[in-house]
$ cat upload_31.cif   # mmCIF, C-alpha atoms
data_structure
loop_
_atom_site.label_atom_id
_atom_site.label_comp_id
_atom_site.auth_asym_id
_atom_site.auth_seq_id
_atom_site.Cartn_x
_atom_site.Cartn_y
_atom_site.Cartn_z
CA MET A 1 -6.53 -16.28 54.44
CA SER A 2 -6.48 -12.50 54.47
CA ASP A 3 -7.99 -10.56 51.58
CA THR A 4 -4.94 -8.80 50.11
CA TYR A 5 -6.49 -7.70 46.82
CA ASP A 6 -8.90 -4.82 46.34
CA CYS A 7 -11.55 -4.57 43.61
CA GLY A 8 -9.27 -2.62 41.27
CA ARG A 9 -6.54 -5.24 41.51
CA VAL A 10 -9.04 -8.02 40.86
CA GLU A 11 -10.32 -6.17 37.81
CA ASP A 12 -6.79 -5.83 36.45
CA LEU A 13 -6.10 -9.53 36.89
CA LEU A 14 -9.42 -10.95 35.65
CA SER A 15 -8.12 -12.20 32.31
CA ASP A 16 -5.01 -13.65 33.91
CA ARG A 17 -7.14 -15.52 36.46
CA LEU A 18 -9.41 -16.91 33.75
CA ALA A 19 -6.36 -18.09 31.83
CA ASP A 20 -4.86 -19.63 35.00
CA ALA A 21 -1.87 -17.37 34.49
CA LEU A 22 -1.56 -16.21 38.11
CA ASP A 23 0.89 -17.83 40.50
CA ARG A 24 -0.41 -19.70 43.54
CA GLU A 25 -0.35 -16.70 45.87
CA GLY A 26 -2.05 -14.49 43.31
CA THR A 27 -4.73 -17.08 42.65
CA THR A 28 -5.40 -17.51 46.37
CA ALA A 29 -5.62 -13.76 46.98
CA PHE A 30 -7.83 -13.27 43.92
CA ASP A 31 -10.23 -16.06 44.92
CA ALA A 32 -10.34 -14.86 48.52
CA HIS A 33 -11.40 -11.38 47.44
CA VAL A 34 -13.98 -12.64 44.96
CA ALA A 35 -15.48 -14.99 47.57
CA GLY A 36 -16.23 -12.04 49.82
CA CYS A 37 -17.16 -9.40 47.21
CA ALA A 38 -20.49 -9.75 45.43
CA SER A 39 -19.75 -7.14 42.76
CA CYS A 40 -16.40 -8.74 41.83
CA ARG A 41 -18.13 -12.13 41.74
CA ALA A 42 -20.72 -10.79 39.34
CA LEU A 43 -18.02 -9.14 37.25
CA THR A 44 -15.93 -12.32 37.09
CA GLU A 45 -18.95 -14.31 35.97
CA ALA A 46 -19.79 -11.65 33.41
CA VAL A 47 -16.25 -11.68 32.00
CA ARG A 48 -16.54 -15.46 31.59
CA ASP A 49 -19.81 -14.93 29.73
CA VAL A 50 -18.25 -12.23 27.55
CA VAL A 51 -15.36 -14.47 26.57
CA ASP A 52 -17.81 -17.30 25.86
CA ALA A 53 -19.94 -14.96 23.74
CA LEU A 54 -16.91 -13.71 21.82
CA GLU A 55 -15.76 -17.24 21.14
CA SER A 56 -19.26 -18.20 20.01
CA PHE A 57 -19.52 -15.56 17.35
CA PRO A 58 -21.21 -16.95 14.29
CA SER A 59 -18.90 -17.95 11.51
CA LEU A 60 -20.53 -16.66 8.36
CA GLU A 61 -20.30 -18.42 5.04
CA PRO A 62 -19.03 -16.06 2.35
CA PRO A 63 -21.71 -14.93 -0.10
CA VAL A 64 -22.01 -17.02 -3.25
CA GLY A 65 -19.52 -16.00 -5.92
CA LEU A 66 -17.40 -13.85 -3.63
CA ALA A 67 -14.24 -15.90 -4.26
CA GLU A 68 -14.61 -15.54 -8.02
CA ARG A 69 -15.26 -11.82 -7.77
CA ALA A 70 -12.35 -11.25 -5.41
CA ALA A 71 -9.97 -13.24 -7.62
CA ALA A 72 -11.13 -11.40 -10.73
CA ALA A 73 -10.82 -7.99 -9.05
CA ALA A 74 -7.25 -8.79 -8.02
CA LEU A 75 -6.33 -9.94 -11.52
CA LYS A 76 -7.72 -6.74 -12.98
CA SER A 77 -5.61 -4.70 -10.57
CA ARG A 78 -2.48 -5.90 -12.33
CA ARG A 79 -0.55 -2.96 -13.75
CA PRO A 80 -0.35 -2.91 -17.52
CA ALA A 81 3.21 -3.19 -18.83
CA ARG A 82 4.59 0.19 -19.80
CA SER A 83 5.95 0.61 -23.28
CA ALA A 84 9.36 2.18 -23.73
CA LEU A 85 7.89 5.21 -25.49
CA PRO A 86 4.79 7.08 -24.35
CA TRP A 87 3.49 6.97 -27.95
CA PRO A 88 4.98 3.90 -29.60
CA GLY A 89 3.27 4.59 -32.94
CA LEU A 90 4.58 8.14 -33.19
CA ARG A 91 6.93 8.73 -36.13
CA LEU A 92 8.26 12.06 -37.38
CA PRO A 93 7.40 12.69 -41.04
CA ASP A 94 10.28 12.35 -43.47
CA LEU A 95 10.81 15.91 -44.73
CA GLY A 96 14.19 15.29 -46.22
CA LEU A 97 15.82 17.40 -43.48
CA PRO A 98 18.75 16.26 -41.31
CA ALA A 99 17.61 14.30 -38.23
CA GLY A 100 19.06 16.88 -35.80
CA LEU A 101 17.14 19.68 -37.47
CA GLN A 102 13.94 17.65 -37.43
CA ALA A 103 14.39 16.96 -33.71
CA LEU A 104 15.03 20.65 -33.02
CA ALA A 105 11.94 21.65 -34.98
CA ALA A 106 9.86 19.07 -33.10
CA ALA A 107 11.17 20.36 -29.77
CA VAL A 108 10.33 23.97 -30.69
CA ALA A 109 6.87 22.92 -31.86
CA LEU A 110 6.23 20.98 -28.64
CA THR A 111 7.41 23.88 -26.49
CA VAL A 112 5.22 26.39 -28.32
CA THR A 113 2.19 24.06 -28.16
CA GLY A 114 2.77 23.35 -24.49
CA ALA A 115 3.10 27.04 -23.67
CA ALA A 116 -0.07 27.83 -25.58
CA LEU A 117 -1.98 25.07 -23.81
CA LEU A 118 -0.66 26.20 -20.43
CA ALA A 119 -1.62 29.80 -21.13
CA ALA A 120 -5.09 28.73 -22.25
CA THR A 121 -5.56 26.58 -19.17
CA GLU A 122 -4.35 29.28 -16.82
CA SER A 123 -6.48 31.96 -18.48
CA SER A 124 -9.58 29.79 -18.34
CA ARG A 125 -8.84 28.99 -14.70
CA LEU A 126 -8.43 32.67 -13.95
CA LEU A 127 -11.60 33.46 -15.81
CA GLU A 128 -13.48 30.78 -13.96
CA GLY A 129 -12.13 32.03 -10.67
CA THR A 130 -13.11 35.60 -11.50
CA VAL A 131 -16.56 34.79 -12.79
CA ASN A 132 -17.48 32.59 -9.88
CA ALA A 133 -15.20 33.81 -7.15
CA GLU A 134 -17.42 32.73 -4.30
CA ALA A 135 -17.76 29.13 -5.44
CA TYR A 136 -14.07 29.03 -6.16
CA LEU A 137 -13.16 30.21 -2.68
CA VAL A 138 -15.59 27.79 -1.06
CA GLU A 139 -14.07 24.95 -3.04
CA ARG A 140 -10.56 26.02 -2.10
CA LYS A 141 -11.56 26.12 1.55
CA ASP A 142 -13.03 22.60 1.33
CA ARG A 143 -9.88 21.34 -0.36
CA PHE A 144 -7.76 22.97 2.30
CA VAL A 145 -9.79 21.29 5.04
CA GLU A 146 -9.47 17.93 3.25
CA ASP A 147 -5.73 18.40 2.85
CA PHE A 148 -5.47 19.19 6.52
CA ARG A 149 -7.40 16.03 7.42
CA LEU A 150 -5.15 13.95 5.21
CA LEU A 151 -2.17 15.47 6.94
CA ARG A 152 -3.73 14.51 10.25
CA VAL A 153 -4.07 10.90 9.06
CA VAL A 154 -0.37 10.91 8.14
CA VAL A 155 0.68 12.42 11.46
CA THR A 156 -1.52 10.02 13.47
CA THR A 157 -0.11 7.04 11.61
CA ALA A 158 3.42 8.33 12.13
CA PHE A 159 2.79 8.70 15.86
CA GLU A 160 1.62 5.09 15.91
CA GLY A 161 4.98 4.20 14.44
CA ARG A 162 3.35 2.60 11.35
CA LEU A 163 4.98 4.54 8.56
CA ASP A 164 4.76 1.43 6.38
CA ARG A 165 0.96 1.82 6.41
CA VAL A 166 0.76 5.54 5.67
CA ASN A 167 -0.04 5.03 1.98
CA ASP A 168 -2.87 2.62 2.64
CA ARG A 169 -4.47 4.84 5.23
CA VAL A 170 -4.17 7.95 3.13
CA ASP A 171 -5.71 6.09 0.19
CA ASP A 172 -8.55 4.86 2.37
CA TYR A 173 -9.21 8.32 3.70
CA ARG A 174 -9.05 9.83 0.23
CA ARG A 175 -11.64 7.35 -1.00
CA LEU A 176 -13.83 8.20 1.95
CA LEU A 177 -13.61 11.91 1.10
CA GLU A 178 -14.45 11.18 -2.53
CA LYS A 179 -17.51 9.24 -1.51
CA ARG A 180 -18.66 12.05 0.76
CA ARG A 181 -18.17 14.56 -2.03
CA ALA A 182 -20.09 12.38 -4.45
CA VAL A 183 -22.97 12.05 -2.01
CA GLU A 184 -23.04 15.80 -1.37
CA GLU A 185 -23.00 16.56 -5.08
CA SER A 186 -25.73 14.05 -5.68
CA GLN A 187 -27.82 15.63 -2.95
CA LYS A 188 -27.23 19.07 -4.40
CA ARG A 189 -28.30 17.89 -7.84
CA THR A 190 -31.45 16.19 -6.65
CA GLY A 191 -32.20 18.82 -4.02
CA GLU A 192 -32.71 16.09 -1.42
CA PRO A 193 -32.31 17.00 2.24
CA LYS A 194 -29.74 15.07 4.24
CA SER A 195 -31.09 11.60 4.79
CA ASP A 196 -30.67 9.25 7.71
CA ALA A 197 -27.53 7.26 8.38
CA GLY A 198 -28.75 4.14 6.59
CA SER A 199 -29.65 5.83 3.35
CA VAL A 200 -26.50 7.94 3.38
CA ARG A 201 -24.61 4.73 3.74
CA SER A 202 -26.51 3.27 0.77
CA ALA A 203 -25.84 6.32 -1.36
CA ARG A 204 -22.19 6.29 -0.42
CA HIS A 205 -21.99 2.61 -1.10
CA ALA A 206 -23.60 3.03 -4.48
CA GLN A 207 -21.16 5.75 -5.47
CA ARG A 208 -18.03 4.53 -3.85
CA ASP A 209 -16.08 3.95 -7.05
CA VAL A 210 -15.33 7.40 -8.34
CA TRP A 211 -12.46 7.63 -10.76
CA ASN A 212 -9.53 9.46 -9.26
CA PRO A 213 -6.85 10.49 -11.73
CA ASN A 214 -4.29 10.54 -8.92
CA ASN A 215 -4.53 6.82 -8.54
CA ALA A 216 -3.36 3.98 -10.68
CA GLY A 217 -5.82 1.38 -11.86
CA ARG A 218 -7.36 -0.91 -9.36
CA CYS A 219 -10.54 -2.74 -9.95
CA VAL A 220 -12.88 -3.86 -7.26
CA VAL A 221 -16.47 -4.91 -7.62
CA THR A 222 -18.62 -3.52 -4.85
CA ALA A 223 -21.67 -5.20 -3.41
CA SER A 224 -23.95 -2.55 -4.83
CA GLU A 225 -22.44 -2.88 -8.29
CA ARG A 226 -22.94 -6.57 -8.31
CA ALA A 227 -26.68 -6.01 -8.18
CA GLY A 228 -26.40 -4.43 -11.60
CA GLY A 229 -23.69 -6.80 -12.71
CA VAL A 230 -21.37 -3.93 -13.48
CA THR A 231 -17.63 -3.80 -12.96
CA ARG A 232 -16.00 -0.44 -12.75
CA ARG A 233 -12.55 0.71 -12.00
CA ARG A 234 -11.85 1.80 -8.48
CA SER A 235 -9.28 4.41 -8.02
CA ARG A 236 -6.39 3.36 -5.86
CA ARG A 237 -2.82 4.45 -5.72
CA GLU A 238 -0.70 1.38 -5.84
CA SER A 239 1.77 1.21 -3.09
CA MET B 240 -7.26 -33.74 -3.58
CA SER B 241 -6.64 -30.03 -3.61
CA GLU B 242 -3.29 -28.65 -4.62
CA SER B 243 -1.00 -27.28 -1.91
CA ASP B 244 -0.55 -23.53 -1.42
CA GLY B 245 3.09 -23.80 -2.50
CA ASP B 246 2.20 -25.39 -5.85
CA LEU B 247 -0.59 -22.88 -6.43
CA LEU B 248 1.74 -20.00 -5.61
CA ASP B 249 4.33 -21.26 -8.09
CA ARG B 250 1.67 -21.43 -10.79
CA CYS B 251 0.38 -17.96 -9.82
CA ARG B 252 3.85 -16.53 -10.24
CA ARG B 253 4.02 -18.08 -13.68
CA GLY B 254 0.88 -16.12 -14.51
CA GLU B 255 -1.70 -18.91 -14.37
CA GLU B 256 -4.97 -17.21 -13.52
CA ALA B 257 -6.71 -20.50 -12.73
CA ALA B 258 -4.21 -21.10 -9.92
CA TRP B 259 -4.95 -17.68 -8.44
CA HIS B 260 -8.70 -18.37 -8.58
CA GLU B 261 -8.15 -21.65 -6.75
CA LEU B 262 -5.92 -20.05 -4.13
CA VAL B 263 -8.53 -17.36 -3.44
CA ALA B 264 -11.30 -19.96 -3.27
CA GLN B 265 -9.34 -21.91 -0.64
CA HIS B 266 -8.89 -18.90 1.65
CA THR B 267 -12.00 -16.79 1.05
CA LYS B 268 -13.90 -18.13 4.05
CA LYS B 269 -11.20 -17.18 6.56
CA VAL B 270 -10.59 -13.78 5.03
CA PHE B 271 -14.31 -13.02 4.82
CA GLY B 272 -14.73 -14.08 8.47
CA LEU B 273 -12.01 -11.66 9.51
CA ALA B 274 -13.45 -8.88 7.36
CA TYR B 275 -16.92 -9.42 8.80
CA ARG B 276 -15.66 -9.32 12.37
CA PHE B 277 -13.93 -6.04 11.79
CA SER B 278 -16.62 -4.36 9.72
CA GLY B 279 -19.76 -5.81 11.30
CA ARG B 280 -21.62 -5.69 7.99
CA VAL B 281 -21.85 -8.30 5.28
CA ASP B 282 -21.76 -5.84 2.37
CA GLU B 283 -18.75 -4.02 3.77
CA ALA B 284 -17.04 -7.32 4.57
CA GLU B 285 -17.47 -8.37 0.93
CA ASP B 286 -15.80 -5.20 -0.29
CA LEU B 287 -13.06 -5.54 2.30
CA THR B 288 -12.46 -9.16 1.29
CA GLN B 289 -11.92 -8.05 -2.29
CA GLU B 290 -9.58 -5.28 -1.20
CA ILE B 291 -7.59 -7.77 0.86
CA PHE B 292 -7.15 -10.14 -2.07
CA VAL B 293 -6.13 -7.25 -4.32
CA LYS B 294 -3.49 -6.34 -1.75
CA VAL B 295 -2.37 -9.96 -1.43
CA TYR B 296 -2.14 -10.34 -5.19
CA GLN B 297 -0.06 -7.19 -5.50
CA SER B 298 2.23 -8.39 -2.69
CA LEU B 299 2.64 -11.98 -3.88
CA ASP B 300 6.11 -11.31 -5.25
CA ARG B 301 7.20 -10.21 -1.79
CA TYR B 302 6.12 -13.43 -0.11
CA ARG B 303 8.93 -15.89 0.55
CA GLU B 304 8.56 -19.36 2.01
CA ASN B 305 10.81 -18.37 4.92
CA ASP B 306 8.19 -15.75 5.92
CA GLY B 307 6.27 -18.74 7.30
CA ALA B 308 3.33 -20.70 5.95
CA PHE B 309 1.23 -18.93 3.34
CA PRO B 310 -2.04 -18.89 5.36
CA GLY B 311 -0.25 -17.11 8.23
CA TRP B 312 1.25 -14.54 5.87
CA LEU B 313 -2.10 -14.08 4.14
CA MET B 314 -3.91 -13.47 7.42
CA THR B 315 -1.25 -10.99 8.51
CA VAL B 316 -1.78 -9.01 5.31
CA ALA B 317 -5.54 -9.34 5.80
CA ARG B 318 -5.41 -8.14 9.41
CA ASN B 319 -3.28 -5.13 8.54
CA ARG B 320 -5.66 -4.24 5.73
CA ALA B 321 -8.72 -4.76 7.93
CA ILE B 322 -7.26 -2.56 10.67
CA ASP B 323 -6.42 0.20 8.19
CA HIS B 324 -9.87 -0.08 6.66
CA TYR B 325 -11.52 -0.01 10.06
CA ARG B 326 -9.54 2.99 11.26
CA SER B 327 -10.21 4.99 8.14
CA ARG B 328 -13.93 4.37 8.40
CA ARG B 329 -14.59 4.41 12.11
CA MET B 330 -15.90 7.96 12.13
CA GLU B 331 -18.32 7.12 9.37
CA LYS B 332 -19.45 4.02 11.23
CA LEU B 333 -20.64 5.86 14.34
CA GLY B 334 -24.37 5.58 14.64
CA ARG B 335 -24.67 2.96 11.97
CA ALA B 336 -26.42 -0.28 12.70
CA ASP B 337 -24.84 -3.66 12.22
CA ASP B 338 -26.40 -6.48 10.34
CA PRO B 339 -28.93 -8.05 12.68
CA ALA B 340 -29.55 -10.87 10.22
CA ALA B 341 -25.98 -12.01 10.48
CA LEU B 342 -26.29 -12.81 14.16
CA ASP B 343 -28.09 -16.09 13.91
CA VAL B 344 -26.39 -18.34 16.36
CA VAL B 345 -26.53 -22.08 16.08
CA ALA B 346 -28.00 -23.56 19.24
CA SER B 347 -25.79 -25.89 21.19
CA ALA B 348 -27.19 -29.43 21.40
CA GLU B 349 -26.97 -29.59 25.20
CA ASP B 350 -28.65 -26.22 25.78
CA GLY B 351 -32.36 -26.09 26.41
CA PRO B 352 -34.54 -23.56 24.57
CA LEU B 353 -34.41 -21.00 27.40
CA ARG B 354 -30.66 -21.24 27.82
CA THR B 355 -30.21 -21.01 24.06
CA LEU B 356 -32.33 -17.87 23.99
CA GLU B 357 -30.39 -16.34 26.89
CA ARG B 358 -27.08 -17.21 25.25
CA HIS B 359 -28.25 -15.87 21.91
CA GLU B 360 -29.26 -12.59 23.52
CA ARG B 361 -25.97 -12.40 25.37
CA ILE B 362 -23.99 -12.92 22.17
CA GLN B 363 -25.99 -10.21 20.45
CA PHE B 364 -25.47 -7.93 23.42
CA VAL B 365 -21.72 -8.52 23.42
CA HIS B 366 -21.54 -8.09 19.65
CA ARG B 367 -23.30 -4.73 19.88
CA GLY B 368 -21.08 -3.72 22.78
CA LEU B 369 -17.99 -4.69 20.84
CA ARG B 370 -18.93 -2.29 18.04
CA SER B 371 -19.10 0.60 20.46
CA LEU B 372 -15.76 -0.02 22.17
CA PRO B 373 -13.03 2.50 21.43
CA PRO B 374 -10.71 1.26 18.65
CA ASP B 375 -7.70 0.87 20.93
CA LEU B 376 -9.63 -1.71 22.97
CA ARG B 377 -11.63 -3.23 20.17
CA GLU B 378 -8.81 -4.13 17.81
CA PRO B 379 -6.78 -6.29 20.19
CA LEU B 380 -9.96 -7.93 21.51
CA ILE B 381 -11.13 -8.93 18.02
CA LEU B 382 -7.70 -10.27 17.17
CA PHE B 383 -7.38 -12.25 20.40
CA ASP B 384 -10.85 -13.53 21.24
CA LEU B 385 -12.39 -13.71 17.79
CA GLN B 386 -9.40 -14.49 15.62
CA GLY B 387 -7.29 -16.43 18.10
CA VAL B 388 -4.15 -14.46 17.29
CA PRO B 389 -1.43 -14.85 19.99
CA TYR B 390 -0.48 -11.87 22.14
CA GLU B 391 2.97 -11.55 20.56
CA GLU B 392 1.58 -11.37 17.04
CA ILE B 393 -1.03 -8.80 18.08
CA ALA B 394 1.75 -6.70 19.60
CA THR B 395 3.64 -6.83 16.29
CA THR B 396 0.56 -6.14 14.18
CA LEU B 397 -0.56 -3.18 16.25
CA GLY B 398 2.94 -1.93 17.04
CA LEU B 399 2.31 -2.05 20.79
CA PRO B 400 4.27 -3.46 23.74
CA LEU B 401 3.14 -6.92 24.84
CA GLY B 402 2.03 -5.68 28.27
CA THR B 403 -0.15 -2.99 26.67
CA VAL B 404 -1.84 -5.57 24.46
CA LYS B 405 -2.64 -7.81 27.43
CA SER B 406 -3.91 -4.93 29.49
CA ARG B 407 -6.10 -3.61 26.68
CA ILE B 408 -7.65 -7.01 26.09
CA ASN B 409 -8.45 -7.28 29.79
CA ARG B 410 -9.87 -3.75 29.87
CA ALA B 411 -12.03 -4.47 26.83
CA ARG B 412 -13.43 -7.63 28.39
CA VAL B 413 -14.06 -5.88 31.71
CA GLU B 414 -15.80 -3.00 29.93
CA LEU B 415 -18.13 -5.38 28.13
CA ALA B 416 -18.66 -7.38 31.32
CA LYS B 417 -19.63 -4.25 33.25
CA ARG B 418 -22.23 -3.42 30.62
CA LEU B 419 -23.54 -6.97 30.86
CA VAL B 420 -23.76 -6.70 34.67
CA ARG B 421 -25.63 -3.40 34.39
CA ALA B 422 -28.03 -4.90 31.84
CA ARG B 423 -28.68 -7.88 34.09
CA GLU B 424 -29.29 -5.63 37.08
CA ALA B 425 -31.70 -3.49 35.08
CA LEU B 426 -33.53 -6.61 33.96
CA ALA B 427 -33.74 -7.92 37.53
CA THR B 428 -35.14 -4.57 38.73
CA ARG B 429 -37.89 -4.64 36.11
CA ARG B 430 -39.00 -8.16 37.10
#
$ encode --input "upload_31.cif" --output "structure tokens"
Amino acid sequence: MSDTYDCGRVEDLLSDRLADALDREGTTAFDAHVAGCASCRALTEAVRDVVDALESFPSLEPPVGLAERAAAAALKSRRPARSALPWPGLRLPDLGLPAGLQALAAAVALTVTGAALLAATESSRLLEGTVNAEAYLVERKDRFVEDFRLLRVVVTTAFEGRLDRVNDRVDDYRRLLEKRRAVEESQKRTGEPKSDAGSVRSARHAQRDVWNPNNAGRCVVTASERAGGVTRRRSRRES
Amino acid sequence: MSESDGDLLDRCRRGEEAAWHELVAQHTKKVFGLAYRFSGRVDEAEDLTQEIFVKVYQSLDRYRENDGAFPGWLMTVARNRAIDHYRSRRMEKLGRADDPAALDVVASAEDGPLRTLERHERIQFVHRGLRSLPPDLREPLILFDLQGVPYEEIATTLGLPLGTVKSRINRARVELAKRLVRAREALATRR
């Protein structure tokens, strides 16, 4: 039997040969090449060993109490029912004025208060930006970089054709950024130099649940929190 | 006798928390196994398991019996979540060690001590190699060889053509096999 396959072809067909998915001619040509090629023989044997090793991966028992914690975390993620009014207990005082006039007065009062609050917020923001212009610009640059990275996540996911998963991936990435920020801030506060990968991981793990006002309530208990028996809310935008 | 998934789901939808706890308890082992295989760390797998059940709980209303059996639907949600989780964290994972303690392999009864040791080392070697594979090779390999997911389902989950899935699984195996061959050759040279 002539050897019609080269090493590249054998490599491409290794999994098919192991699964007996080649036709008779293919099987014969494959076996003929492997019989005369020591490196392909070694590779075929190694692929068998790899598949055996993958299939023999240990099946771990879940840690004690994980099912209870997971079930409880999911139950806590349930959205609270929204009331019809944002402030159900709010009642306008009875001033003896016609209802329309009262409503108009309330609207004017709300507008004036809102404008005053907005002006105060803007002026304090401007003041802050002026007083500490350098820090402000640095922060803006960091935010811009983060926004750009988030955009990259969206674009990558779109290119993969998985638009249905964009929200999840953006949320994941946002949480990752929050953790990094928390670790950096913690390091700044304590004046610690950057630590090795393991301890960074520990610090990140310990601080992974930072409240994010952009996200609706979701509660997950992390492994590090369980050590202290604490349950905190994890920020997560609900899809 | 434990209650069926269908009965538990009905009770969950009626708001019975005990039914949800029981449903989670019945499926935690499988979900945790998947999470561990994707994350490679027990602590991260625990967190991922919780995230998966949060996602499942929030999607329960969308599950219909004609979507197939509940365990299949659950594992699909879990796989999608695990892949998203893995992709969002893969940059952070570079250079991080896996859990060595989790790699205790039960010796096969017919293997002698030497063979068991060799097999144990090989499994550890392949596990480490798996972590360092590029994501486009690693994901289909985990799903196929570790999770036993059929090619067609992997293609749907990853949004890839069937032929690409098959070829990536083969490439991933060959890549790991080449590393194993090199390691064996290096060992033989030292002896």
$ residues_around --input "upload_31.cif" --residues "region 290-307 of chain B" --least-positions-apart "5" --cutoff "7 Å" --atoms "only C-alpha atoms" --output "number ranges by chain"
A: 70-71, 73-74, 77; B: 312-313, 316-317, 320
$ closest_atom_pairs --input "upload_31.cif" --of "chain A" --to "chain B" --cutoff "8 Å" --atoms "only C-alpha atoms" --output "CSV"
residue,atom,partner,partner_atom,distance
A:Glu11,CA,B:Val413,CA,7.2
A:Asp12,CA,B:Asn409,CA,7.0
A:Leu13,CA,B:Asn409,CA,7.8
A:Leu14,CA,B:Asn409,CA,7.0
A:Ser15,CA,B:Asn409,CA,5.5
A:Ala42,CA,B:Val420,CA,6.9
A:Leu43,CA,B:Ala416,CA,6.2
A:Ala46,CA,B:Ala416,CA,4.9
A:Val47,CA,B:Ala416,CA,5.0
A:Asp49,CA,B:Ala416,CA,7.8
A:Val50,CA,B:Ala416,CA,6.2
A:Val51,CA,B:Asp384,CA,7.0
A:Ala53,CA,B:Ile362,CA,4.8
A:Leu54,CA,B:Leu385,CA,6.1
A:Glu55,CA,B:Leu385,CA,5.9
A:Ser56,CA,B:Ile362,CA,7.4
A:Phe57,CA,B:Ile362,CA,7.1
A:Pro58,CA,B:Val344,CA,5.7
A:Ser59,CA,B:Gly272,CA,6.5
A:Leu60,CA,B:Gly272,CA,6.3
A:Glu61,CA,B:Lys268,CA,6.5
A:Pro62,CA,B:Lys268,CA,5.8
A:Pro63,CA,B:Glu285,CA,7.9
A:Leu66,CA,B:Glu285,CA,7.1
A:Ala67,CA,B:Ala264,CA,5.1
A:Glu68,CA,B:His260,CA,6.6
A:Arg69,CA,B:Gln289,CA,7.4
A:Ala70,CA,B:Gln289,CA,4.5
A:Ala71,CA,B:His260,CA,5.4
A:Ala72,CA,B:His260,CA,7.7
A:Ala73,CA,B:Val293,CA,6.7
A:Ala74,CA,B:Val293,CA,4.2
A:Leu75,CA,B:Tyr296,CA,7.6
A:Ser77,CA,B:Val293,CA,6.8
A:Arg78,CA,B:Gln297,CA,7.4
A:Glu160,CA,B:Gly398,CA,7.2
A:Gly161,CA,B:Gly398,CA,7.0
A:Arg162,CA,B:Gly398,CA,7.3
A:Arg165,CA,B:Asp323,CA,7.8
A:Asp168,CA,B:Asp323,CA,7.0
A:Arg169,CA,B:Asp323,CA,5.8
A:Asp172,CA,B:Ser327,CA,6.0
A:Tyr173,CA,B:Ser327,CA,5.6
A:Leu176,CA,B:Arg328,CA,7.5
A:Ala197,CA,B:Arg335,CA,6.3
A:Gly198,CA,B:Arg335,CA,6.9
A:Val220,CA,B:Gln289,CA,6.6
A:Val221,CA,B:Asp286,CA,7.4
A:Thr222,CA,B:Asp286,CA,5.6
A:Ala223,CA,B:Asp282,CA,5.8
$ residues_near_point --input "upload_31.cif" --point "(-17.9, -3.5, 44.4)" --cutoff "12 Å" --atoms "all atoms listed in the file" --output "list in words"
Asp6, Cys7, Gly8, Arg9, Val10, Glu11, His33, Val34, Gly36, Cys37, Ala38, Ser39, Cys40, Arg41, Ala42, Leu43 and Thr44 of chain A; Lys417 and Val420 of chain B
$ atom_distance --input "upload_31.cif" --atom1 "CA of Asp16 (chain A)" --atom2 "CA of Ala427 (chain B)"
29.5 Å
$ closest_residue --input "upload_31.cif" --among "B:Ala258, B:Asp244, B:Arg252, B:Leu372" --to "Pro310 (chain B)" --atoms "only C-alpha atoms"
B:Asp244
$ atom_distance --input "upload_31.cif" --atom1 "CA of Ala422 (chain B)" --atom2 "CA of Glu45 (chain A)"
13.7 Å
$ closest_residue --input "upload_31.cif" --among "A:Leu18, A:Thr27, A:Val154, A:Tyr5" --to "Asp52 (chain A)" --atoms "only C-alpha atoms"
A:Leu18
